[in-house]
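Shown next: work_34.cif, containing mmCIF, C-alpha atoms.
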```
data_input
#
loop_
_atom_site.label_atom_id
_atom_site.label_comp_id
_atom_site.auth_asym_id
_atom_site.auth_seq_id
_atom_site.Cartn_x
_atom_site.Cartn_y
_atom_site.Cartn_z
CA MET A 1 -51.40 17.78 -8.55
CA SER A 2 -50.77 20.69 -10.87
CA SER A 3 -47.33 21.62 -12.10
CA LYS A 4 -47.60 24.92 -10.21
CA THR A 5 -48.27 23.04 -6.96
CA GLN A 6 -45.36 20.70 -7.64
CA TRP A 7 -43.10 23.68 -8.26
CA ILE A 8 -44.18 25.36 -5.00
CA LEU A 9 -43.58 22.15 -3.03
CA GLY A 10 -40.16 21.68 -4.62
CA PHE A 11 -39.21 25.30 -3.97
CA THR A 12 -40.39 25.06 -0.35
CA ALA A 13 -38.35 21.89 0.18
CA ALA A 14 -35.26 23.56 -1.28
CA VAL A 15 -35.67 26.61 0.97
CA LEU A 16 -36.11 24.34 3.99
CA MET A 17 -32.94 22.39 3.15
CA VAL A 18 -30.89 25.58 2.71
CA THR A 19 -32.25 26.99 5.99
CA MET A 20 -31.31 23.80 7.84
CA ALA A 21 -27.83 23.79 6.30
CA LEU A 22 -27.25 27.39 7.38
CA ALA A 23 -28.47 26.58 10.88
CA ILE A 24 -25.94 23.79 11.41
CA ALA A 25 -23.01 25.41 9.56
CA PRO A 26 -21.72 27.34 12.61
CA GLN A 27 -21.68 24.10 14.63
CA LEU A 28 -19.62 22.38 11.96
CA SER A 29 -17.04 25.14 11.73
CA ALA A 30 -16.79 25.42 15.53
CA ASN A 31 -15.49 21.84 15.78
CA PRO A 32 -13.63 21.10 12.56
CA GLN A 33 -12.17 17.65 12.35
CA GLN A 34 -8.55 18.00 11.46
CA VAL A 35 -6.87 15.08 9.82
CA ALA A 36 -3.11 15.14 10.25
CA THR A 37 -1.08 13.86 7.33
CA ALA A 38 2.60 13.58 6.49
CA GLU A 39 4.59 12.24 3.55
CA VAL A 40 7.77 10.23 3.17
CA LYS A 41 9.35 10.34 -0.27
CA ILE A 42 11.18 7.30 -1.59
CA ASP A 43 13.87 8.45 -3.99
CA ASN A 44 17.42 7.46 -4.90
CA PHE A 45 17.26 4.38 -2.65
CA SER A 46 16.39 6.39 0.47
CA PHE A 47 13.46 7.49 2.59
CA GLY A 48 13.08 11.22 3.06
CA PRO A 49 12.93 12.34 5.71
CA ALA A 50 14.77 9.40 7.27
CA THR A 51 13.13 10.20 10.61
CA LEU A 52 9.70 11.76 10.72
CA THR A 53 8.08 12.98 13.96
CA VAL A 54 4.28 13.13 14.07
CA ALA A 55 1.40 13.31 16.55
CA PRO A 56 -0.85 10.33 17.32
CA GLY A 57 -3.57 9.94 14.70
CA THR A 58 -1.36 11.13 11.85
CA THR A 59 -1.61 9.30 8.55
CA VAL A 60 1.79 8.90 6.93
CA THR A 61 1.94 8.27 3.19
CA TRP A 62 5.02 6.84 1.48
CA VAL A 63 5.34 7.79 -2.20
CA ASN A 64 7.82 5.98 -4.47
CA HIS A 65 9.58 8.40 -6.81
CA ASP A 66 12.25 5.85 -7.82
CA ASP A 67 12.21 3.95 -11.09
CA ILE A 68 12.22 0.59 -9.29
CA PRO A 69 9.90 -0.94 -6.67
CA HIS A 70 10.35 -0.41 -2.93
CA THR A 71 8.38 -1.23 0.22
CA ALA A 72 7.79 0.37 3.60
CA THR A 73 7.98 -2.50 6.06
CA SER A 74 7.85 -2.13 9.84
CA LYS A 75 10.65 -3.99 11.64
CA THR A 76 8.07 -5.19 14.20
CA GLY A 77 5.29 -6.09 11.76
CA VAL A 78 3.03 -3.12 12.58
CA PHE A 79 2.67 -2.21 8.88
CA ARG A 80 3.84 -3.56 5.54
CA SER A 81 3.24 -2.16 2.09
CA LYS A 82 3.11 -4.11 -1.12
CA ALA A 83 5.94 -3.49 -3.58
CA LEU A 84 5.36 0.11 -4.65
CA ASP A 85 6.07 0.86 -8.30
CA THR A 86 6.94 4.35 -9.48
CA ASP A 87 4.42 6.90 -8.11
CA ASP A 88 2.59 4.24 -6.05
CA LYS A 89 1.56 5.20 -2.52
CA PHE A 90 1.07 3.43 0.79
CA SER A 91 -0.54 4.99 3.86
CA PHE A 92 -0.67 4.01 7.52
CA THR A 93 -2.25 5.84 10.46
CA PHE A 94 -0.17 5.91 13.65
CA ALA A 95 -2.52 5.83 16.64
CA THR A 96 -0.14 5.26 19.54
CA PRO A 97 3.07 6.97 20.67
CA GLY A 98 6.37 5.23 20.05
CA THR A 99 9.19 4.86 17.57
CA PHE A 100 8.44 2.74 14.53
CA ALA A 101 11.54 1.64 12.62
CA TYR A 102 11.04 0.44 9.07
CA PHE A 103 12.97 -0.66 5.98
CA CYS A 104 12.54 -1.62 2.34
CA ALA A 105 12.06 -5.39 2.17
CA LEU A 106 13.56 -5.38 -1.34
CA HIS A 107 16.59 -3.25 -0.35
CA PRO A 108 17.16 -3.80 3.41
CA HIS A 109 19.89 -1.14 3.60
CA MET A 110 17.11 1.46 3.12
CA THR A 111 15.85 2.37 6.61
CA GLY A 112 13.76 5.01 8.28
CA SER A 113 11.66 5.66 11.37
CA ILE A 114 8.44 7.31 12.39
CA VAL A 115 8.44 8.87 15.86
CA VAL A 116 4.95 9.33 17.27
CA GLU A 117 5.10 11.77 20.17
CA ALA A 118 2.43 11.80 22.85
CA SER A 119 0.24 14.91 22.92
CA GLY A 120 2.09 17.77 24.59
CA ALA A 121 5.53 16.07 24.29
CA LYS A 122 8.44 18.26 23.28
#
```
Could you rewrite the structure in this file as structure tokens?
Amino acid sequence: MSSKTQWILGFTAAVLMVTMALAIAPQLSANPQQVATAEVKIDNFSFGPATLTVAPGTTVTWVNHDDIPHTATSKTGVFRSKALDTDDKFSFTFATPGTFAYFCALHPHMTGSIVVEASGAK
């Protein structure tokens, strides 16, 4: 096969791929998948916000801004982070409605809660 033929085949394949991408692009933007996220900051021996309200399917990320390790540990065992050093993160996705109380296993006086409200709840 000549180099000219190879070039034409490559160009044709590229045009076909771009055409296909443009054809499906409107479908992708019509149904964007939204990923809900929220953050809890650990700083000065506290969780902020102390109570966070989210929708089901939200991924909550705890970020340790303190100079010493902390954890995010569910009081009912639903989730438990490792000891988070400075700037370490831990994430958990809340799938079901409810109130999820948690604490720092290293400093039990540190407490917080995640409230997962059912869709349409006010």
Self-check item: For CA of Asn64 (chain A) and CA of Gly98 (chain A), the interatomic separation in Å (one decimal)
Solution: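 Computed distance, CA of Asn64 (chain A) to CA of Gly98 (chain A), equals 24.6 Å.
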Self-check item: Shell around region 38-54 of chain A at 12 Å using all atoms listed in the file, local window under 3 positions removed, as a VMD selection string
Solution: chain A and resid 35 57 to 73 84 to 104 106 to 122
Using the file's own x, y and z axes, so that the box edges lie along x, y and z, what centre and edge lengths in Å (one decimal) does a box around every listed atom of region 41-45 of chain A get when 5 Å is added on each side? Give it as lines of an AutoDock Vina configuration file.
```
center_x = 13.4
center_y = 7.4
center_z = -2.6
size_x = 18.1
size_y = 16.0
size_z = 14.6
```
